[in-house]
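S.K.: This is my_file-v9.pdb (PDB, C-alpha atoms).
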```pdb
ATOM      1  CA  MET E   5     -78.595 -50.053  47.811  1.00  0.00           C
ATOM      2  CA  SER E   6     -79.566 -52.243  44.897  1.00  0.00           C
ATOM      3  CA  ILE E   7     -82.206 -54.912  45.387  1.00  0.00           C
ATOM      4  CA  LEU E   8     -80.445 -57.159  42.865  1.00  0.00           C
ATOM      5  CA  HIS E   9     -77.007 -56.621  44.444  1.00  0.00           C
ATOM      6  CA  ASN E  10     -78.105 -57.666  47.915  1.00  0.00           C
ATOM      7  CA  GLY E  11     -80.036 -60.707  46.776  1.00  0.00           C
ATOM      8  CA  TYR E  12     -83.366 -59.514  48.162  1.00  0.00           C
ATOM      9  CA  LEU E  13     -85.049 -59.879  44.794  1.00  0.00           C
ATOM     10  CA  ALA E  14     -83.960 -63.519  44.800  1.00  0.00           C
ATOM     11  CA  ILE E  15     -85.492 -63.944  48.276  1.00  0.00           C
ATOM     12  CA  ILE E  16     -88.745 -62.374  47.072  1.00  0.00           C
ATOM     13  CA  LEU E  17     -88.943 -64.576  43.973  1.00  0.00           C
ATOM     14  CA  SER E  18     -87.985 -67.725  45.890  1.00  0.00           C
ATOM     15  CA  SER E  19     -90.546 -67.010  48.613  1.00  0.00           C
ATOM     16  CA  VAL E  20     -93.312 -66.460  46.059  1.00  0.00           C
ATOM     17  CA  ALA E  21     -92.325 -69.652  44.193  1.00  0.00           C
ATOM     18  CA  VAL E  22     -92.352 -71.703  47.416  1.00  0.00           C
ATOM     19  CA  TYR E  23     -95.723 -70.218  48.420  1.00  0.00           C
ATOM     20  CA  LEU E  24     -97.306 -71.085  45.084  1.00  0.00           C
ATOM     21  CA  PHE E  25     -95.797 -74.575  45.114  1.00  0.00           C
ATOM     22  CA  ILE E  26     -97.135 -75.352  48.590  1.00  0.00           C
ATOM     23  CA  VAL E  27    -100.619 -73.959  47.866  1.00  0.00           C
ATOM     24  CA  ILE E  28    -100.874 -75.982  44.655  1.00  0.00           C
ATOM     25  CA  ALA E  29     -99.419 -79.132  46.238  1.00  0.00           C
ATOM     26  CA  ILE E  30    -101.815 -79.004  49.191  1.00  0.00           C
ATOM     27  CA  ARG E  31    -104.742 -78.490  46.807  1.00  0.00           C
ATOM     28  CA  LEU E  32    -103.647 -81.325  44.497  1.00  0.00           C
ATOM     29  CA  PHE E  33    -103.135 -83.736  47.359  1.00  0.00           C
ATOM     30  CA  GLY E  34    -106.699 -83.048  48.482  1.00  0.00           C
ATOM     31  CA  LYS E  35    -106.128 -81.547  51.879  1.00  0.00           C
ATOM     32  CA  THR E  36    -109.532 -79.982  52.394  1.00  0.00           C
ATOM     33  CA  GLU E  37    -109.884 -80.161  56.147  1.00  0.00           C
ATOM     34  CA  ILE E  38    -107.205 -77.649  57.134  1.00  0.00           C
ATOM     35  CA  ALA E  39    -109.459 -76.355  59.905  1.00  0.00           C
ATOM     36  CA  GLN E  40    -109.374 -79.791  61.547  1.00  0.00           C
ATOM     37  CA  LEU E  41    -105.688 -80.674  61.561  1.00  0.00           C
ATOM     38  CA  SER E  42    -104.599 -83.964  63.043  1.00  0.00           C
ATOM     39  CA  VAL E  43    -101.330 -84.307  64.946  1.00  0.00           C
ATOM     40  CA  ALA E  44     -99.731 -85.817  61.829  1.00  0.00           C
ATOM     41  CA  ASP E  45    -100.935 -82.836  59.729  1.00  0.00           C
ATOM     42  CA  LEU E  46     -99.492 -80.356  62.218  1.00  0.00           C
ATOM     43  CA  VAL E  47     -96.134 -82.158  62.262  1.00  0.00           C
ATOM     44  CA  PHE E  48     -96.185 -82.249  58.454  1.00  0.00           C
ATOM     45  CA  ILE E  49     -96.741 -78.494  58.225  1.00  0.00           C
ATOM     46  CA  MET E  50     -93.995 -77.764  60.744  1.00  0.00           C
ATOM     47  CA  LEU E  51     -91.504 -79.973  58.903  1.00  0.00           C
ATOM     48  CA  LEU E  52     -92.554 -78.573  55.547  1.00  0.00           C
ATOM     49  CA  SER E  53     -91.911 -75.030  56.709  1.00  0.00           C
ATOM     50  CA  ASN E  54     -88.466 -76.037  57.934  1.00  0.00           C
ATOM     51  CA  ALA E  55     -87.717 -77.866  54.674  1.00  0.00           C
ATOM     52  CA  VAL E  56     -88.457 -74.870  52.453  1.00  0.00           C
ATOM     53  CA  GLN E  57     -86.866 -72.187  54.629  1.00  0.00           C
ATOM     54  CA  ASN E  58     -83.470 -72.399  52.934  1.00  0.00           C
ATOM     55  CA  ALA E  59     -85.118 -72.416  49.515  1.00  0.00           C
ATOM     56  CA  MET E  60     -86.609 -69.018  50.333  1.00  0.00           C
ATOM     57  CA  VAL E  61     -83.720 -67.199  51.996  1.00  0.00           C
ATOM     58  CA  GLY E  62     -80.725 -69.212  50.809  1.00  0.00           C
ATOM     59  CA  SER E  63     -77.622 -68.341  52.773  1.00  0.00           C
ATOM     60  CA  ASP E  64     -79.036 -65.001  53.950  1.00  0.00           C
ATOM     61  CA  THR E  65     -79.863 -65.648  57.589  1.00  0.00           C
ATOM     62  CA  THR E  66     -80.013 -61.969  58.513  1.00  0.00           C
ATOM     63  CA  LEU E  67     -83.005 -60.355  60.132  1.00  0.00           C
ATOM     64  CA  LEU E  68     -83.602 -58.285  57.009  1.00  0.00           C
ATOM     65  CA  GLY E  69     -83.489 -61.406  54.809  1.00  0.00           C
ATOM     66  CA  GLY E  70     -86.114 -63.084  57.006  1.00  0.00           C
ATOM     67  CA  LEU E  71     -88.279 -59.981  57.016  1.00  0.00           C
ATOM     68  CA  VAL E  72     -88.073 -59.704  53.215  1.00  0.00           C
ATOM     69  CA  ALA E  73     -89.158 -63.359  52.910  1.00  0.00           C
ATOM     70  CA  ALA E  74     -92.016 -62.844  55.394  1.00  0.00           C
ATOM     71  CA  ALA E  75     -93.156 -59.633  53.686  1.00  0.00           C
ATOM     72  CA  SER E  76     -93.106 -61.442  50.337  1.00  0.00           C
ATOM     73  CA  LEU E  77     -95.301 -64.210  51.754  1.00  0.00           C
ATOM     74  CA  PHE E  78     -97.751 -61.699  53.232  1.00  0.00           C
ATOM     75  CA  ALA E  79     -97.928 -59.834  49.921  1.00  0.00           C
ATOM     76  CA  VAL E  80     -98.424 -62.891  47.728  1.00  0.00           C
ATOM     77  CA  ASN E  81    -101.024 -64.256  50.178  1.00  0.00           C
ATOM     78  CA  ALA E  82    -102.975 -60.983  50.036  1.00  0.00           C
ATOM     79  CA  LEU E  83    -102.755 -60.973  46.242  1.00  0.00           C
ATOM     80  CA  PHE E  84    -103.841 -64.610  46.097  1.00  0.00           C
ATOM     81  CA  LYS E  85    -106.875 -63.909  48.306  1.00  0.00           C
ATOM     82  CA  GLU E  86    -107.779 -60.898  46.171  1.00  0.00           C
ATOM     83  CA  PHE E  87    -107.723 -63.097  43.042  1.00  0.00           C
ATOM     84  CA  MET E  88    -109.899 -65.674  44.799  1.00  0.00           C
ATOM     85  CA  TYR E  89    -112.356 -62.934  45.762  1.00  0.00           C
ATOM     86  CA  ARG E  90    -112.474 -61.218  42.362  1.00  0.00           C
ATOM     87  CA  ILE E  91    -112.347 -64.351  40.175  1.00  0.00           C
ATOM     88  CA  PRO E  92    -114.902 -66.885  41.502  1.00  0.00           C
ATOM     89  CA  GLY E  93    -113.654 -69.670  39.226  1.00  0.00           C
ATOM     90  CA  PHE E  94    -110.133 -69.257  40.597  1.00  0.00           C
ATOM     91  CA  GLY E  95    -111.447 -69.333  44.163  1.00  0.00           C
ATOM     92  CA  LYS E  96    -113.443 -72.472  43.453  1.00  0.00           C
ATOM     93  CA  LEU E  97    -110.409 -74.109  41.855  1.00  0.00           C
ATOM     94  CA  MET E  98    -108.180 -73.328  44.830  1.00  0.00           C
ATOM     95  CA  GLU E  99    -110.614 -73.844  47.698  1.00  0.00           C
ATOM     96  CA  GLY E 100    -112.844 -76.533  46.263  1.00  0.00           C
ATOM     97  CA  GLU E 101    -116.532 -76.859  46.923  1.00  0.00           C
ATOM     98  CA  SER E 102    -118.625 -77.765  49.915  1.00  0.00           C
ATOM     99  CA  LEU E 103    -119.546 -81.441  50.075  1.00  0.00           C
ATOM    100  CA  MET E 104    -122.803 -82.807  51.430  1.00  0.00           C
ATOM    101  CA  LEU E 105    -121.939 -85.643  53.820  1.00  0.00           C
ATOM    102  CA  ILE E 106    -125.373 -86.423  55.257  1.00  0.00           C
ATOM    103  CA  TYR E 107    -128.794 -85.665  53.833  1.00  0.00           C
ATOM    104  CA  GLN E 108    -131.988 -86.529  55.724  1.00  0.00           C
ATOM    105  CA  GLY E 109    -130.236 -89.037  57.958  1.00  0.00           C
ATOM    106  CA  LYS E 110    -128.375 -90.851  55.168  1.00  0.00           C
ATOM    107  CA  VAL E 111    -124.610 -90.716  54.762  1.00  0.00           C
ATOM    108  CA  ASN E 112    -123.292 -89.887  51.290  1.00  0.00           C
ATOM    109  CA  ASP E 113    -120.522 -92.500  51.042  1.00  0.00           C
ATOM    110  CA  ALA E 114    -119.158 -91.165  47.744  1.00  0.00           C
ATOM    111  CA  ASN E 115    -118.596 -87.703  49.234  1.00  0.00           C
ATOM    112  CA  MET E 116    -117.126 -89.232  52.398  1.00  0.00           C
ATOM    113  CA  ARG E 117    -114.536 -91.046  50.270  1.00  0.00           C
ATOM    114  CA  LYS E 118    -113.910 -87.939  48.173  1.00  0.00           C
ATOM    115  CA  ALA E 119    -113.289 -85.865  51.318  1.00  0.00           C
ATOM    116  CA  ARG E 120    -111.312 -88.683  52.968  1.00  0.00           C
ATOM    117  CA  ILE E 121    -113.386 -88.441  56.118  1.00  0.00           C
ATOM    118  CA  THR E 122    -113.836 -91.529  58.238  1.00  0.00           C
ATOM    119  CA  THR E 123    -117.120 -92.524  59.806  1.00  0.00           C
ATOM    120  CA  ASN E 124    -115.611 -91.878  63.245  1.00  0.00           C
ATOM    121  CA  GLU E 125    -114.640 -88.329  62.248  1.00  0.00           C
ATOM    122  CA  LEU E 126    -118.151 -87.682  60.955  1.00  0.00           C
ATOM    123  CA  LEU E 127    -119.746 -89.098  64.110  1.00  0.00           C
ATOM    124  CA  GLU E 128    -117.455 -86.921  66.242  1.00  0.00           C
ATOM    125  CA  ALA E 129    -118.508 -83.839  64.267  1.00  0.00           C
ATOM    126  CA  ILE E 130    -122.221 -84.497  64.668  1.00  0.00           C
ATOM    127  CA  ARG E 131    -121.769 -85.158  68.410  1.00  0.00           C
ATOM    128  CA  GLU E 132    -119.933 -81.821  68.694  1.00  0.00           C
ATOM    129  CA  HIS E 133    -123.114 -80.251  67.312  1.00  0.00           C
ATOM    130  CA  GLY E 134    -125.219 -81.971  69.983  1.00  0.00           C
ATOM    131  CA  VAL E 135    -126.680 -84.691  67.772  1.00  0.00           C
ATOM    132  CA  ALA E 136    -126.470 -88.299  68.925  1.00  0.00           C
ATOM    133  CA  LYS E 137    -127.348 -90.244  65.782  1.00  0.00           C
ATOM    134  CA  VAL E 138    -126.835 -89.862  62.041  1.00  0.00           C
ATOM    135  CA  SER E 139    -130.551 -90.495  61.546  1.00  0.00           C
ATOM    136  CA  ASP E 140    -131.264 -87.238  63.435  1.00  0.00           C
ATOM    137  CA  VAL E 141    -129.186 -85.156  61.021  1.00  0.00           C
ATOM    138  CA  ASP E 142    -131.049 -83.262  58.318  1.00  0.00           C
ATOM    139  CA  LEU E 143    -127.899 -81.995  56.663  1.00  0.00           C
ATOM    140  CA  ALA E 144    -124.154 -82.221  57.305  1.00  0.00           C
ATOM    141  CA  VAL E 145    -121.809 -80.354  54.976  1.00  0.00           C
ATOM    142  CA  LEU E 146    -118.028 -80.273  54.777  1.00  0.00           C
ATOM    143  CA  GLU E 147    -117.394 -76.570  54.191  1.00  0.00           C
ATOM    144  CA  VAL E 148    -114.496 -75.320  52.072  1.00  0.00           C
ATOM    145  CA  ASP E 149    -112.672 -74.206  55.233  1.00  0.00           C
ATOM    146  CA  GLY E 150    -112.722 -77.766  56.559  1.00  0.00           C
ATOM    147  CA  ASN E 151    -115.434 -77.302  59.169  1.00  0.00           C
ATOM    148  CA  ILE E 152    -118.446 -79.585  59.182  1.00  0.00           C
ATOM    149  CA  SER E 153    -121.788 -77.787  59.514  1.00  0.00           C
ATOM    150  CA  VAL E 154    -124.629 -79.830  60.945  1.00  0.00           C
ATOM    151  CA  LEU E 155    -128.345 -79.092  60.879  1.00  0.00           C
ATOM    152  CA  SER E 156    -130.502 -81.503  62.824  1.00  0.00           C
ATOM    153  CA  ASN E 157    -134.152 -82.316  63.381  1.00  0.00           C
ATOM    154  CA  GLY E 158    -134.010 -80.872  66.901  1.00  0.00           C
ATOM    155  CA  TYR E 159    -132.711 -77.427  65.952  1.00  0.00           C
ATOM    156  CA  GLN E 160    -133.864 -74.955  63.360  1.00  0.00           C
ATOM    157  CA  THR E 161    -130.501 -73.198  63.368  1.00  0.00           C
ATOM    158  CA  LYS E 162    -126.892 -74.282  63.356  1.00  0.00           C
ATOM    159  CA  THR E 163    -125.811 -75.386  66.793  1.00  0.00           C
ATOM    160  CA  THR E 164    -122.594 -74.659  68.566  1.00  0.00           C
ATOM    161  CA  ARG E 165    -121.347 -75.566  71.982  1.00  0.00           C
ATOM    162  CA  ALA E 166    -122.246 -72.132  73.370  1.00  0.00           C
ATOM    163  CA  ILE E 167    -125.773 -72.271  71.952  1.00  0.00           C
ATOM    164  CA  ARG E 168    -126.345 -75.797  73.250  1.00  0.00           C
ATOM    165  CA  LYS E 169    -125.269 -74.759  76.746  1.00  0.00           C
ATOM    166  CA  SER E 170    -127.685 -71.849  76.730  1.00  0.00           C
ATOM    167  CA  ARG E 171    -130.523 -74.132  75.596  1.00  0.00           C
ATOM    168  CA  LEU E 172    -130.028 -76.618  78.410  1.00  0.00           C
ATOM    169  CA  PRO E 173    -132.844 -76.467  80.953  1.00  0.00           C
ATOM    170  CA  LYS E 174    -131.981 -74.814  84.236  1.00  0.00           C
ATOM    171  CA  ARG E 175    -131.714 -77.208  87.131  1.00  0.00           C
ATOM    172  CA  GLN E 176    -134.889 -77.369  89.101  1.00  0.00           C
ATOM    173  CA  THR E 177    -134.658 -77.776  92.838  1.00  0.00           C
ATOM    174  CA  LYS E 178    -137.412 -79.485  94.725  1.00  0.00           C
ATOM    175  CA  LYS E 179    -139.131 -77.361  97.289  1.00  0.00           C
ATOM    176  CA  HIS E 180    -139.287 -78.997 100.669  1.00  0.00           C
ATOM    177  CA  GLU E 181    -142.586 -78.686 102.369  1.00  0.00           C
TER     178      GLU E 181
END
```
Is it possible to express this structure as structure tokens?
M.R.:
Amino acid sequence: MSILHNGYLAIILSSVAVYLFIVIAIRLFGKTEIAQLSVADLVFIMLLSNAVQNAMVGSDTTLLGGLVAAASLFAVNALFKEFMYRIPGFGKLMEGESLMLIYQGKVNDANMRKARITTNELLEAIREHGVAKVSDVDLAVLEVDGNISVLSNGYQTKTTRAIRKSRLPKRQTKKHE
């Protein structure tokens, strides 16, 4: 059974081409907060996947054709991640860099614009870390994975919901005499 005869090589090449196109397009259009998708972002990704499906498999709608396309995507993704790991400059180019959003209670407006993060989104992120006001934030950083890390005056370590719950004081009951 020839790979060329059955068109599976074409599926592999098309899948790799679509993968590379989408990775580059997302990077060029500045989508850095993948970890914090909005409803519009999720709909976009779903529609995008539907739009490129035929470009990958063409008229081959068989199970094997779909599996070849999926295997190609898994392989190129693993290869891509290996390049990002082994070649730091390539990783930095594809993932970007962390951006400092708040330093010692002051918002970095230039980095907020660069990251396309609204004030409301930033305030939501710091509240999720248990901090009420921007002035209480020592450092807030938009990480390359899209998460916002927050270090505040009240905590010496990064806070999460689970940590905050464990730090809450236990309810005291009054003893009746």
S.K.: Please indicate the distance in Å from atom CA of E:Asn157 to atom CA of E:Asn112, rounded to one decimal place.
M.R.: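 Between atom CA of E:Asn157 and atom CA of E:Asn112 the gap is 17.9 Å.
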S.K.: Give me the residues of stretch 67-106 of chain E that have any atom at most 8 Å from an atom of stretch 15-34 of chain E; for each, the nearest atom pair and the distance in Å, rounded to one decimal. Use only C-alpha atoms, sort by chain and number, and format it as CSV.
M.R.:
```
residue,atom,partner,partner_atom,distance
E:Gly69,CA,E:Ile15,CA,7.3
E:Val72,CA,E:Ile16,CA,6.7
E:Ala73,CA,E:Ser19,CA,5.8
E:Ser76,CA,E:Ile16,CA,5.5
E:Leu77,CA,E:Ser19,CA,6.3
E:Val80,CA,E:Val20,CA,6.5
E:Met98,CA,E:Arg31,CA,6.5
E:Glu99,CA,E:Arg31,CA,7.5
```
S.K.: Using the chain letters and numbers from the file, give me the residues hit by the PyMOL selection byres ((chain E and resi 141) around 12), as an NGL selection string.
M.R.: :E and (104-111 or 126-127 or 129-131 or 133-140 or 142-145 or 153-160 or 162-163)
S.K.: Have a look at atom CA of E:Met88 and atom CA of E:Asn115 and let me know their distance in Å, one decimal.
M.R.: 24.1 Å
S.K.: Find the spatial neighbours of E:Ser63, counting all atoms listed in the file, within a cut-off of 12 Å - ignore same-chain residues fewer than 4 positions away - and output them as an NGL selection string.
M.R.: :E and (10-12 or 14-15 or 57-59 or 69-70)
S.K.: Could the residues in this selection be written to a file with C-alpha atoms, as a short mmCIF file (atom, residue, chain, number, x, y, z; two decimals), keeping the file's coordinate frame?
M.R.:
```cif
data_model
loop_
_atom_site.label_atom_id
_atom_site.label_comp_id
_atom_site.auth_asym_id
_atom_site.auth_seq_id
_atom_site.Cartn_x
_atom_site.Cartn_y
_atom_site.Cartn_z
CA ASN E 10 -78.10 -57.67 47.92
CA GLY E 11 -80.04 -60.71 46.78
CA TYR E 12 -83.37 -59.51 48.16
CA ALA E 14 -83.96 -63.52 44.80
CA ILE E 15 -85.49 -63.94 48.28
CA GLN E 57 -86.87 -72.19 54.63
CA ASN E 58 -83.47 -72.40 52.93
CA ALA E 59 -85.12 -72.42 49.52
CA GLY E 69 -83.49 -61.41 54.81
CA GLY E 70 -86.11 -63.08 57.01
#
```
S.K.: By how many Å are atom CA of E:Phe87 and atom CA of E:Ala75 apart?
M.R.: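 So the two atoms, atom CA of E:Phe87 and atom CA of E:Ala75, lie 18.4 Å apart.
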S.K.: As JSON, please: the centre and edge lengths in Å, to one decimal, of an axis-aligned box enclosing every listed atom of stretch 95-113 of chain E with 6 Å added on each side.
M.R.:
```
{"center_x": -120.1, "center_y": -80.9, "center_z": 49.9, "size_x": 35.8, "size_y": 35.2, "size_z": 28.1}
```
S.K.: Please rebuild stretch 45-74 of chain E with N, CA and C atoms and give the result as a PDB file, keeping the file's coordinate frame.
M.R.:
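Saved the output as rebuild20.pdb:
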```pdb
ATOM      1  N   ASP E  45    -100.864 -83.995  60.623  1.00  0.00           N
ATOM      2  CA  ASP E  45    -100.935 -82.836  59.729  1.00  0.00           C
ATOM      3  C   ASP E  45    -100.123 -81.665  60.285  1.00  0.00           C
ATOM      4  N   LEU E  46    -100.231 -81.439  61.593  1.00  0.00           N
ATOM      5  CA  LEU E  46     -99.492 -80.356  62.218  1.00  0.00           C
ATOM      6  C   LEU E  46     -97.983 -80.591  62.117  1.00  0.00           C
ATOM      7  N   VAL E  47     -97.553 -81.818  62.385  1.00  0.00           N
ATOM      8  CA  VAL E  47     -96.134 -82.158  62.262  1.00  0.00           C
ATOM      9  C   VAL E  47     -95.682 -81.976  60.815  1.00  0.00           C
ATOM     10  N   PHE E  48     -96.502 -82.407  59.873  1.00  0.00           N
ATOM     11  CA  PHE E  48     -96.185 -82.249  58.454  1.00  0.00           C
ATOM     12  C   PHE E  48     -95.960 -80.784  58.100  1.00  0.00           C
ATOM     13  N   ILE E  49     -96.851 -79.917  58.541  1.00  0.00           N
ATOM     14  CA  ILE E  49     -96.741 -78.494  58.225  1.00  0.00           C
ATOM     15  C   ILE E  49     -95.492 -77.890  58.861  1.00  0.00           C
ATOM     16  N   MET E  50     -95.194 -78.284  60.095  1.00  0.00           N
ATOM     17  CA  MET E  50     -93.995 -77.764  60.744  1.00  0.00           C
ATOM     18  C   MET E  50     -92.736 -78.213  60.005  1.00  0.00           C
ATOM     19  N   LEU E  51     -92.669 -79.466  59.622  1.00  0.00           N
ATOM     20  CA  LEU E  51     -91.504 -79.973  58.903  1.00  0.00           C
ATOM     21  C   LEU E  51     -91.408 -79.366  57.509  1.00  0.00           C
ATOM     22  N   LEU E  52     -92.535 -79.177  56.871  1.00  0.00           N
ATOM     23  CA  LEU E  52     -92.554 -78.573  55.547  1.00  0.00           C
ATOM     24  C   LEU E  52     -91.999 -77.152  55.596  1.00  0.00           C
ATOM     25  N   SER E  53     -92.410 -76.401  56.596  1.00  0.00           N
ATOM     26  CA  SER E  53     -91.911 -75.030  56.709  1.00  0.00           C
ATOM     27  C   SER E  53     -90.401 -75.017  56.928  1.00  0.00           C
ATOM     28  N   ASN E  54     -89.908 -75.953  57.716  1.00  0.00           N
ATOM     29  CA  ASN E  54     -88.466 -76.037  57.934  1.00  0.00           C
ATOM     30  C   ASN E  54     -87.740 -76.458  56.652  1.00  0.00           C
ATOM     31  N   ALA E  55     -88.341 -77.357  55.895  1.00  0.00           N
ATOM     32  CA  ALA E  55     -87.717 -77.866  54.674  1.00  0.00           C
ATOM     33  C   ALA E  55     -87.569 -76.800  53.597  1.00  0.00           C
ATOM     34  N   VAL E  56     -88.498 -75.876  53.523  1.00  0.00           N
ATOM     35  CA  VAL E  56     -88.457 -74.870  52.453  1.00  0.00           C
ATOM     36  C   VAL E  56     -87.809 -73.559  52.878  1.00  0.00           C
ATOM     37  N   GLN E  57     -87.452 -73.438  54.143  1.00  0.00           N
ATOM     38  CA  GLN E  57     -86.866 -72.187  54.629  1.00  0.00           C
ATOM     39  C   GLN E  57     -85.629 -71.798  53.831  1.00  0.00           C
ATOM     40  N   ASN E  58     -84.699 -72.727  53.664  1.00  0.00           N
ATOM     41  CA  ASN E  58     -83.470 -72.399  52.934  1.00  0.00           C
ATOM     42  C   ASN E  58     -83.744 -72.094  51.473  1.00  0.00           C
ATOM     43  N   ALA E  59     -84.783 -72.704  50.913  1.00  0.00           N
ATOM     44  CA  ALA E  59     -85.118 -72.416  49.515  1.00  0.00           C
ATOM     45  C   ALA E  59     -85.580 -70.974  49.352  1.00  0.00           C
ATOM     46  N   MET E  60     -86.127 -70.399  50.414  1.00  0.00           N
ATOM     47  CA  MET E  60     -86.609 -69.018  50.333  1.00  0.00           C
ATOM     48  C   MET E  60     -85.500 -68.012  50.588  1.00  0.00           C
ATOM     49  N   VAL E  61     -84.704 -68.214  51.618  1.00  0.00           N
ATOM     50  CA  VAL E  61     -83.720 -67.199  51.996  1.00  0.00           C
ATOM     51  C   VAL E  61     -82.297 -67.561  51.608  1.00  0.00           C
ATOM     52  N   GLY E  62     -82.069 -68.791  51.194  1.00  0.00           N
ATOM     53  CA  GLY E  62     -80.725 -69.212  50.809  1.00  0.00           C
ATOM     54  C   GLY E  62     -79.763 -69.071  51.972  1.00  0.00           C
ATOM     55  N   SER E  63     -78.630 -68.490  51.724  1.00  0.00           N
ATOM     56  CA  SER E  63     -77.622 -68.341  52.773  1.00  0.00           C
ATOM     57  C   SER E  63     -77.810 -67.070  53.594  1.00  0.00           C
ATOM     58  N   ASP E  64     -78.793 -66.256  53.234  1.00  0.00           N
ATOM     59  CA  ASP E  64     -79.036 -65.001  53.950  1.00  0.00           C
ATOM     60  C   ASP E  64     -79.849 -65.279  55.209  1.00  0.00           C
ATOM     61  N   THR E  65     -79.173 -65.373  56.327  1.00  0.00           N
ATOM     62  CA  THR E  65     -79.863 -65.648  57.589  1.00  0.00           C
ATOM     63  C   THR E  65     -80.001 -64.385  58.433  1.00  0.00           C
ATOM     64  N   THR E  66     -79.892 -63.236  57.793  1.00  0.00           N
ATOM     65  CA  THR E  66     -80.013 -61.969  58.513  1.00  0.00           C
ATOM     66  C   THR E  66     -81.469 -61.682  58.842  1.00  0.00           C
ATOM     67  N   LEU E  67     -81.655 -60.791  59.778  1.00  0.00           N
ATOM     68  CA  LEU E  67     -83.005 -60.355  60.132  1.00  0.00           C
ATOM     69  C   LEU E  67     -83.700 -59.759  58.915  1.00  0.00           C
ATOM     70  N   LEU E  68     -83.002 -58.919  58.182  1.00  0.00           N
ATOM     71  CA  LEU E  68     -83.602 -58.285  57.009  1.00  0.00           C
ATOM     72  C   LEU E  68     -83.993 -59.329  55.960  1.00  0.00           C
ATOM     73  N   GLY E  69     -83.158 -60.335  55.755  1.00  0.00           N
ATOM     74  CA  GLY E  69     -83.489 -61.406  54.809  1.00  0.00           C
ATOM     75  C   GLY E  69     -84.764 -62.127  55.209  1.00  0.00           C
ATOM     76  N   GLY E  70     -84.898 -62.431  56.501  1.00  0.00           N
ATOM     77  CA  GLY E  70     -86.114 -63.084  57.006  1.00  0.00           C
ATOM     78  C   GLY E  70     -87.336 -62.207  56.869  1.00  0.00           C
ATOM     79  N   LEU E  71     -87.153 -60.908  57.140  1.00  0.00           N
ATOM     80  CA  LEU E  71     -88.279 -59.981  57.016  1.00  0.00           C
ATOM     81  C   LEU E  71     -88.706 -59.807  55.560  1.00  0.00           C
ATOM     82  N   VAL E  72     -87.743 -59.801  54.643  1.00  0.00           N
ATOM     83  CA  VAL E  72     -88.073 -59.704  53.215  1.00  0.00           C
ATOM     84  C   VAL E  72     -88.865 -60.942  52.789  1.00  0.00           C
ATOM     85  N   ALA E  73     -88.434 -62.129  53.241  1.00  0.00           N
ATOM     86  CA  ALA E  73     -89.158 -63.359  52.910  1.00  0.00           C
ATOM     87  C   ALA E  73     -90.577 -63.324  53.491  1.00  0.00           C
ATOM     88  N   ALA E  74     -90.694 -62.909  54.753  1.00  0.00           N
ATOM     89  CA  ALA E  74     -92.016 -62.844  55.394  1.00  0.00           C
ATOM     90  C   ALA E  74     -92.916 -61.828  54.699  1.00  0.00           C
TER      91      ALA E  74
END
```
